[in-house]
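Structure first, commentary second.
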Number of protein chains: 2
Amino acid sequence: MVATRAYRGVPADERRELRRQALIETALDCLHTDGLAGVSVRSICARARLTPRYFYESFEDLDQLLVATIDAVVDEIAQSALAALAAVPDTFEVQARAAIDAGYGVVATDARKATAVLVAAAGHGPLRERRNKVITDYADLMIDHLSLLSSFGLAKRREARASALFLMGGAAEVIEAVLSGQLRMSRARLVDQLTAMWLGALGGMG
Amino acid sequence: MVATRAYRGVPADERRELRRQALIETALDCLHTDGLAGVSVRSICARARLTPRYFYESFEDLDQLLVATIDAVVDEIAQSALAALAAVPDTFEVQARAAIDAGYGVVATDARKATAVLVAAAGHGPLRERRNKVITDYADLMIDHLSLLSSFGLAKRREARASALFLMGGAAEVIEAVLSGQLRMSRARLVDQLTAMWLGALGGMG
DNA sequence: ATAGTGTGATAACGAGTGTTGTCAATATTG
DNA sequence: CAATATTGACAACACTCGTTATCACACTAT
């Protein structure tokens, strides 16, 4: 029995979408406070003040919700990075710095998103697959958008992929150390050093 | 009631140690086949043909077993890398290549160890803390052993730490992609490229 | 051989899991 | 107002979890 008519002024599909967003938002909360282990259909529903019925209305599975949650964060990062790229001249160093800074901005201003994308996504089966796919996508996007192949003598796309993965993984590790307080660096210095290492790593390939 | 005398020819403490090792070995199996979610006191005991009593004989907690498991793998990698370093001339490039190749050798020959240290350790609370500590230790070891500070003009130890984290995270990402089949590269090419990127990233810091 | 120790199988406990269903209250429609 | 759709609270199902206890059997020691 699927709802079709308006309720309290809002149409049915909009209500569904609101509930779906609430679940994703709550998943972000739960991931951040209780970790992957603290995420369950019941815990999320309780926190979102919804009943399990509405969970299964939007998601088949707990994994599906988690994947949707990660995807939401990842999309936000990608969009932010792409916007930054478009607003800046076409030098590799400048573009790299803009992309890094934009990506860092997203996770730095919302700790939940940082844990979701840097921590939770790493350990759990389906989430990890998703993560790997996303990282590979980012890598390809980097290769194309930053013209890695022509600029750095990376003859083969396979080498370029490996390079891009290296840059992503390295940046993620440093960013997580900074955000978790293990490494104290200002945003400016962090972005500077990451940019320098990106350039250096690519330059080392020639 | 703690056992004190021999049984079937083996003394009590040796039996305890054997059981402990069996549990760690089985944890490695479970992590690899069923992922973090498939690890429980019961599942591990069943697979190790031991009863829960013997689990609590050696470990207080499931987390304690997991940490011990990760530590075992990490120690093996460290030992292998250090041995390789000692057997090779003192050029940075040669030493880096030797360390990378040795570390890769451990995880490449036992897929269970790869998933344990690259995947499982990333997602779960206590395991992640452990992982972060270990990576930081490796980083410091790198800084000292490879003389990062003097060789690459990394004036401050903080910058050196960030660099070391970057190298570790990047290498882990690429290695995992290779081991999971997403990226096809020969061991020689992989080690070559990683070495080159390590050098480049550090060189980019001057 | 007899007493005592080590082992392995199994049960029990309360709690939490995913999932489906029921039922009264509330809002919308005719 | 009357009929119906939507919501929220809650129960029920079978299952697994961590943890502790029980009991018969295998082994060791005296």
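Going through the structure tokens in order, the chains are called A, B, and so on, while each chain numbers its residues from 1 and the ligands are numbered from 1 in the order shown.
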The coordinates of chain A, once least-squares superposed on chain B over all sequentially paired C-alpha atoms, should be supplied as an mmCIF file with C-alpha atoms, in the first residue's frame.
```cif
data_model
loop_
_atom_site.group_PDB
_atom_site.id
_atom_site.type_symbol
_atom_site.label_atom_id
_atom_site.label_comp_id
_atom_site.auth_asym_id
_atom_site.auth_seq_id
_atom_site.Cartn_x
_atom_site.Cartn_y
_atom_site.Cartn_z
ATOM 1 C CA MET A 1 40.998 -22.924 37.370
ATOM 2 C CA VAL A 2 44.117 -22.516 35.258
ATOM 3 C CA ALA A 3 45.829 -25.568 33.807
ATOM 4 C CA THR A 4 49.292 -26.358 35.137
ATOM 5 C CA ARG A 5 50.367 -29.820 34.116
ATOM 6 C CA ALA A 6 51.161 -31.493 30.821
ATOM 7 C CA TYR A 7 48.535 -33.060 28.612
ATOM 8 C CA ARG A 8 49.261 -35.403 25.720
ATOM 9 C CA GLY A 9 52.905 -34.640 26.126
ATOM 10 C CA VAL A 10 52.791 -30.879 25.860
ATOM 11 C CA PRO A 11 53.134 -28.583 28.879
ATOM 12 C CA ALA A 12 50.350 -26.263 29.938
ATOM 13 C CA ASP A 13 51.748 -22.924 28.834
ATOM 14 C CA GLU A 14 52.691 -24.309 25.473
ATOM 15 C CA ARG A 15 49.148 -25.566 24.987
ATOM 16 C CA ARG A 16 47.839 -22.155 25.852
ATOM 17 C CA GLU A 17 50.140 -20.542 23.349
ATOM 18 C CA LEU A 18 49.106 -23.008 20.663
ATOM 19 C CA ARG A 19 45.469 -22.237 21.259
ATOM 20 C CA ARG A 20 46.169 -18.534 21.185
ATOM 21 C CA GLN A 21 47.965 -18.831 17.875
ATOM 22 C CA ALA A 22 45.177 -20.993 16.496
ATOM 23 C CA LEU A 23 42.669 -18.296 17.394
ATOM 24 C CA ILE A 24 44.709 -15.603 15.691
ATOM 25 C CA GLU A 25 45.166 -17.748 12.621
ATOM 26 C CA THR A 26 41.452 -18.474 12.515
ATOM 27 C CA ALA A 27 40.646 -14.798 12.923
ATOM 28 C CA LEU A 28 42.715 -14.198 9.812
ATOM 29 C CA ASP A 29 40.649 -16.797 7.997
ATOM 30 C CA CYS A 30 37.328 -15.402 9.142
ATOM 31 C CA LEU A 31 38.280 -11.834 8.298
ATOM 32 C CA HIS A 32 39.226 -12.882 4.819
ATOM 33 C CA THR A 33 36.224 -15.048 4.008
ATOM 34 C CA ASP A 34 33.383 -13.322 5.844
ATOM 35 C CA GLY A 35 34.717 -9.855 6.520
ATOM 36 C CA LEU A 36 34.579 -7.969 9.750
ATOM 37 C CA ALA A 37 30.890 -8.684 10.184
ATOM 38 C CA GLY A 38 31.486 -12.436 10.078
ATOM 39 C CA VAL A 39 33.807 -12.396 13.038
ATOM 40 C CA SER A 40 32.317 -13.431 16.377
ATOM 41 C CA VAL A 41 33.511 -15.351 19.392
ATOM 42 C CA ARG A 42 31.384 -18.277 18.371
ATOM 43 C CA SER A 43 32.291 -18.306 14.694
ATOM 44 C CA ILE A 44 35.977 -18.157 15.424
ATOM 45 C CA CYS A 45 35.824 -20.828 18.085
ATOM 46 C CA ALA A 46 33.834 -23.159 15.857
ATOM 47 C CA ARG A 47 36.312 -22.745 13.042
ATOM 48 C CA ALA A 48 39.284 -23.224 15.336
ATOM 49 C CA ARG A 49 37.625 -26.291 16.909
ATOM 50 C CA LEU A 50 37.864 -24.697 20.300
ATOM 51 C CA THR A 51 35.250 -23.755 22.844
ATOM 52 C CA PRO A 52 34.546 -20.231 24.030
ATOM 53 C CA ARG A 53 36.275 -21.108 27.291
ATOM 54 C CA TYR A 54 39.578 -21.112 25.490
ATOM 55 C CA PHE A 55 38.787 -17.881 23.781
ATOM 56 C CA TYR A 56 38.417 -16.116 27.105
ATOM 57 C CA GLU A 57 41.500 -17.893 28.324
ATOM 58 C CA SER A 58 43.625 -15.877 25.909
ATOM 59 C CA PHE A 59 41.535 -12.782 25.162
ATOM 60 C CA GLU A 60 39.231 -10.620 27.190
ATOM 61 C CA ASP A 61 37.383 -9.370 24.242
ATOM 62 C CA LEU A 62 36.765 -9.864 20.564
ATOM 63 C CA ASP A 63 38.495 -6.564 19.893
ATOM 64 C CA GLN A 64 41.543 -7.793 21.728
ATOM 65 C CA LEU A 65 41.824 -10.779 19.430
ATOM 66 C CA LEU A 66 41.418 -8.605 16.369
ATOM 67 C CA VAL A 67 44.068 -6.193 17.554
ATOM 68 C CA ALA A 68 46.413 -9.078 18.262
ATOM 69 C CA THR A 69 45.737 -10.424 14.785
ATOM 70 C CA ILE A 70 46.501 -7.138 13.078
ATOM 71 C CA ASP A 71 49.573 -6.708 15.219
ATOM 72 C CA ALA A 72 50.869 -10.089 14.170
ATOM 73 C CA VAL A 73 50.613 -9.171 10.496
ATOM 74 C CA VAL A 74 52.034 -5.723 11.030
ATOM 75 C CA ASP A 75 54.990 -7.106 12.949
ATOM 76 C CA GLU A 76 55.698 -9.540 10.182
ATOM 77 C CA ILE A 77 55.691 -6.752 7.634
ATOM 78 C CA ALA A 78 57.939 -4.575 9.759
ATOM 79 C CA GLN A 79 60.386 -7.391 10.363
ATOM 80 C CA SER A 80 60.486 -8.256 6.695
ATOM 81 C CA ALA A 81 61.054 -4.647 5.722
ATOM 82 C CA LEU A 82 63.782 -4.123 8.292
ATOM 83 C CA ALA A 83 65.565 -7.286 7.205
ATOM 84 C CA ALA A 84 65.460 -6.106 3.622
ATOM 85 C CA LEU A 85 66.804 -2.703 4.592
ATOM 86 C CA ALA A 86 69.736 -4.247 6.398
ATOM 87 C CA ALA A 87 70.725 -6.282 3.352
ATOM 88 C CA VAL A 88 71.052 -3.434 0.918
ATOM 89 C CA PRO A 89 73.317 -0.423 0.402
ATOM 90 C CA ASP A 90 72.473 2.852 2.022
ATOM 91 C CA THR A 91 71.124 4.813 -0.930
ATOM 92 C CA PHE A 92 67.676 6.181 -0.373
ATOM 93 C CA GLU A 93 66.265 4.866 -3.593
ATOM 94 C CA VAL A 94 67.625 1.385 -3.081
ATOM 95 C CA GLN A 95 66.473 1.275 0.514
ATOM 96 C CA ALA A 96 63.012 2.531 -0.322
ATOM 97 C CA ARG A 97 62.626 -0.012 -3.087
ATOM 98 C CA ALA A 98 63.777 -2.821 -0.794
ATOM 99 C CA ALA A 99 61.351 -1.835 1.945
ATOM 100 C CA ILE A 100 58.425 -1.507 -0.437
ATOM 101 C CA ASP A 101 59.194 -4.803 -2.101
ATOM 102 C CA ALA A 102 59.518 -6.597 1.215
ATOM 103 C CA GLY A 103 56.274 -5.210 2.556
ATOM 104 C CA TYR A 104 54.471 -6.042 -0.631
ATOM 105 C CA GLY A 105 55.886 -9.545 -0.507
ATOM 106 C CA VAL A 106 54.184 -10.293 2.787
ATOM 107 C CA VAL A 107 50.681 -9.257 1.759
ATOM 108 C CA ALA A 108 51.027 -10.563 -1.780
ATOM 109 C CA THR A 109 51.754 -14.113 -0.695
ATOM 110 C CA ASP A 110 48.942 -14.350 1.834
ATOM 111 C CA ALA A 111 45.698 -12.719 0.804
ATOM 112 C CA ARG A 112 44.342 -13.062 4.333
ATOM 113 C CA LYS A 113 47.043 -10.789 5.644
ATOM 114 C CA ALA A 114 46.343 -8.275 2.926
ATOM 115 C CA THR A 115 42.658 -8.011 3.742
ATOM 116 C CA ALA A 116 43.393 -7.945 7.444
ATOM 117 C CA VAL A 117 45.816 -5.078 7.296
ATOM 118 C CA LEU A 118 44.461 -3.147 4.335
ATOM 119 C CA VAL A 119 40.731 -3.609 4.707
ATOM 120 C CA ALA A 120 39.582 -4.835 8.082
ATOM 121 C CA ALA A 121 41.904 -2.588 10.026
ATOM 122 C CA ALA A 122 40.420 0.479 8.405
ATOM 123 C CA GLY A 123 36.814 0.358 9.471
ATOM 124 C CA HIS A 124 36.493 -0.813 13.028
ATOM 125 C CA GLY A 125 36.993 1.444 16.042
ATOM 126 C CA PRO A 126 39.777 -0.118 18.095
ATOM 127 C CA LEU A 127 41.343 -1.640 15.023
ATOM 128 C CA ARG A 128 41.490 1.736 13.362
ATOM 129 C CA GLU A 129 43.127 3.326 16.368
ATOM 130 C CA ARG A 130 45.666 0.570 16.285
ATOM 131 C CA ARG A 131 46.184 1.081 12.598
ATOM 132 C CA ASN A 132 46.765 4.775 13.059
ATOM 133 C CA LYS A 133 49.288 4.203 15.774
ATOM 134 C CA VAL A 134 51.097 1.618 13.708
ATOM 135 C CA ILE A 135 51.203 3.823 10.655
ATOM 136 C CA THR A 136 52.557 6.670 12.716
ATOM 137 C CA ASP A 137 55.209 4.334 14.101
ATOM 138 C CA TYR A 138 56.157 3.275 10.603
ATOM 139 C CA ALA A 139 56.306 6.893 9.611
ATOM 140 C CA ASP A 140 58.701 7.744 12.432
ATOM 141 C CA LEU A 141 60.739 4.682 11.629
ATOM 142 C CA MET A 142 60.976 5.866 8.062
ATOM 143 C CA ILE A 143 61.960 9.317 9.123
ATOM 144 C CA ASP A 144 64.796 8.019 11.233
ATOM 145 C CA HIS A 145 65.902 5.059 9.215
ATOM 146 C CA LEU A 146 65.870 6.794 5.881
ATOM 147 C CA SER A 147 67.115 10.107 7.254
ATOM 148 C CA LEU A 148 64.239 11.966 5.733
ATOM 149 C CA LEU A 149 64.943 15.094 7.658
ATOM 150 C CA SER A 150 68.461 15.659 6.449
ATOM 151 C CA SER A 151 68.118 14.199 2.976
ATOM 152 C CA PHE A 152 65.081 16.075 1.817
ATOM 153 C CA GLY A 153 65.165 19.371 3.580
ATOM 154 C CA LEU A 154 62.152 18.573 5.687
ATOM 155 C CA ALA A 155 62.932 21.131 8.298
ATOM 156 C CA LYS A 156 60.264 20.128 10.737
ATOM 157 C CA ARG A 157 59.365 16.739 11.987
ATOM 158 C CA ARG A 158 55.725 17.572 11.511
ATOM 159 C CA GLU A 159 56.218 17.961 7.812
ATOM 160 C CA ALA A 160 58.182 14.764 7.739
ATOM 161 C CA ARG A 161 55.339 12.965 9.500
ATOM 162 C CA ALA A 162 52.847 14.234 6.988
ATOM 163 C CA SER A 163 55.108 13.099 4.189
ATOM 164 C CA ALA A 164 55.540 9.655 5.643
ATOM 165 C CA LEU A 165 51.810 9.290 6.139
ATOM 166 C CA PHE A 166 51.292 10.316 2.543
ATOM 167 C CA LEU A 167 53.713 7.711 1.294
ATOM 168 C CA MET A 168 52.148 4.984 3.412
ATOM 169 C CA GLY A 169 48.594 5.812 2.506
ATOM 170 C CA GLY A 170 49.368 6.126 -1.154
ATOM 171 C CA ALA A 171 51.261 2.872 -1.292
ATOM 172 C CA ALA A 172 48.495 1.069 0.585
ATOM 173 C CA GLU A 173 45.897 2.309 -1.850
ATOM 174 C CA VAL A 174 47.814 1.199 -4.918
ATOM 175 C CA ILE A 175 48.774 -2.136 -3.416
ATOM 176 C CA GLU A 176 45.202 -2.868 -2.503
ATOM 177 C CA ALA A 177 44.050 -2.035 -6.008
ATOM 178 C CA VAL A 178 46.620 -4.423 -7.413
ATOM 179 C CA LEU A 179 45.831 -7.226 -5.000
ATOM 180 C CA SER A 180 42.097 -6.900 -5.521
ATOM 181 C CA GLY A 181 42.564 -7.184 -9.259
ATOM 182 C CA GLN A 182 41.393 -3.696 -10.102
ATOM 183 C CA LEU A 183 44.818 -2.732 -11.323
ATOM 184 C CA ARG A 184 46.964 -5.182 -13.176
ATOM 185 C CA MET A 185 50.679 -4.623 -12.706
ATOM 186 C CA SER A 186 53.659 -6.890 -12.332
ATOM 187 C CA ARG A 187 55.371 -6.812 -8.989
ATOM 188 C CA ALA A 188 58.464 -5.283 -10.529
ATOM 189 C CA ARG A 189 56.582 -2.451 -12.196
ATOM 190 C CA LEU A 190 54.508 -1.822 -9.105
ATOM 191 C CA VAL A 191 57.559 -1.568 -6.886
ATOM 192 C CA ASP A 192 59.349 0.579 -9.443
ATOM 193 C CA GLN A 193 56.520 3.032 -9.743
ATOM 194 C CA LEU A 194 55.914 3.221 -6.016
ATOM 195 C CA THR A 195 59.580 3.865 -5.430
ATOM 196 C CA ALA A 196 59.604 6.588 -8.054
ATOM 197 C CA MET A 197 56.560 8.238 -6.519
ATOM 198 C CA TRP A 198 58.045 8.059 -3.058
ATOM 199 C CA LEU A 199 61.154 9.794 -4.233
ATOM 200 C CA GLY A 200 59.209 12.305 -6.225
ATOM 201 C CA ALA A 201 56.831 13.168 -3.418
ATOM 202 C CA LEU A 202 59.728 13.726 -1.050
ATOM 203 C CA GLY A 203 61.643 15.655 -3.644
ATOM 204 C CA GLY A 204 58.663 17.894 -4.195
ATOM 205 C CA MET A 205 59.046 19.066 -0.630
ATOM 206 C CA GLY A 206 62.416 20.679 -0.935
#
```
Inset, instruction - Write down, as a list of chain:residue names, each residue of chain C that has any atom within 12 Å of an atom of chain A, counting only C-alpha atoms (C1' of nucleotides). - result: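 Result, ordered by chain then number: C:DG16, C:DT17, C:DG18, C:DT19, C:DT20, C:DG21, C:DT26, C:DA27, C:DT28, C:DT29.
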Inset, instruction - Write out as a ChimeraX atom specification all residues of region 19-189 of chain A that DSSP puts in helix (DSSP H, G or I) for this structure's backbone. - result: /A:19-34,36-38,41-48,52-58,62-86,92-109,111-123,125-145,148-151,157-179,187-189
Expected answer as a CSV table (one decimal) with N, CA and C atoms (P, O5', C5', C4', C3', O3' and C1' of nucleotides), in the first residue's frame: chain D residues within 12 Å of chain B, only C-alpha atoms (C1' of nucleotides):
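File produced: selection.csv:
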```csv
chain,number,residue,atom,x,y,z
D,16,DT,P,21.4,-18.4,13.2
D,16,DT,O5',22.2,-17.2,14.0
D,16,DT,C5',22.5,-16.0,13.3
D,16,DT,C4',23.1,-15.0,14.2
D,16,DT,C3',24.3,-15.6,15.0
D,16,DT,O3',25.5,-14.8,14.8
D,16,DT,C1',22.7,-14.5,16.5
D,17,DC,P,26.9,-15.1,15.5
D,17,DC,O5',26.9,-14.1,16.7
D,17,DC,C5',26.8,-12.8,16.5
D,17,DC,C4',26.6,-12.0,17.8
D,17,DC,C3',27.6,-12.5,18.9
D,17,DC,O3',28.8,-11.8,18.8
D,17,DC,C1',25.3,-12.2,19.8
D,18,DG,P,30.1,-12.4,19.5
D,18,DG,O5',29.8,-12.1,21.1
D,18,DG,C5',29.7,-10.7,21.5
D,18,DG,C4',29.5,-10.7,23.0
D,18,DG,C3',30.7,-11.3,23.8
D,18,DG,O3',30.9,-10.5,25.0
D,18,DG,C1',28.6,-12.4,24.2
D,19,DT,P,32.1,-10.9,25.9
D,19,DT,O5',31.5,-11.9,27.0
D,19,DT,C5',30.4,-11.5,27.7
D,19,DT,C4',29.9,-12.7,28.5
D,19,DT,C3',30.9,-13.5,29.2
D,19,DT,O3',30.8,-13.3,30.6
D,19,DT,C1',29.2,-14.8,28.2
D,20,DT,P,31.9,-14.0,31.6
D,20,DT,O5',31.0,-15.2,32.1
D,20,DT,C5',29.6,-15.0,32.5
D,20,DT,C4',29.0,-16.3,32.9
D,20,DT,C3',29.9,-17.2,33.7
D,20,DT,O3',29.2,-17.6,34.9
D,20,DT,C1',28.9,-18.4,31.9
D,21,DA,P,29.8,-18.6,35.9
D,21,DA,O5',29.0,-19.9,35.7
D,21,DA,C5',27.6,-19.9,35.6
D,21,DA,C4',27.1,-21.2,35.1
D,21,DA,C3',27.7,-22.4,35.9
D,21,DA,O3',26.6,-23.2,36.5
D,21,DA,C1',27.8,-22.7,33.5
D,26,DA,P,36.3,-41.3,26.2
D,26,DA,O5',37.6,-40.4,26.3
D,26,DA,C5',37.8,-39.3,25.4
D,26,DA,C4',39.1,-38.6,25.8
D,26,DA,C3',40.4,-39.6,25.9
D,26,DA,O3',41.5,-38.9,25.4
D,26,DA,C1',40.0,-38.5,28.0
D,27,DC,P,42.8,-39.7,25.2
D,27,DC,O5',43.8,-39.4,26.4
D,27,DC,C5',44.2,-38.0,26.5
D,27,DC,C4',44.6,-37.7,28.0
D,27,DC,C3',45.7,-38.5,28.5
D,27,DC,O3',46.9,-37.6,28.4
D,27,DC,C1',44.0,-38.1,30.2
D,28,DT,P,48.3,-38.2,28.9
D,28,DT,O5',48.4,-37.7,30.4
D,28,DT,C5',48.1,-36.5,30.8
D,28,DT,C4',48.2,-36.3,32.3
D,28,DT,C3',49.4,-36.9,32.9
D,28,DT,O3',50.0,-35.9,33.8
D,28,DT,C1',47.5,-37.7,34.0
D,29,DA,P,51.4,-36.1,34.5
D,29,DA,O5',51.0,-36.6,35.9
D,29,DA,C5',50.6,-35.7,36.9
D,29,DA,C4',50.0,-36.4,38.1
D,29,DA,C3',51.1,-37.1,39.0
D,29,DA,O3',51.1,-36.6,40.3
D,29,DA,C1',49.3,-38.5,38.5
```
Inset, instruction - Please measure the separation of C1' of DA2 (chain D) and C1' of DG30 (chain C), giving the value in Å to one decimal. - result: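 Between C1' of DA2 (chain D) and C1' of DG30 (chain C) the gap works out to 8.8 Å.
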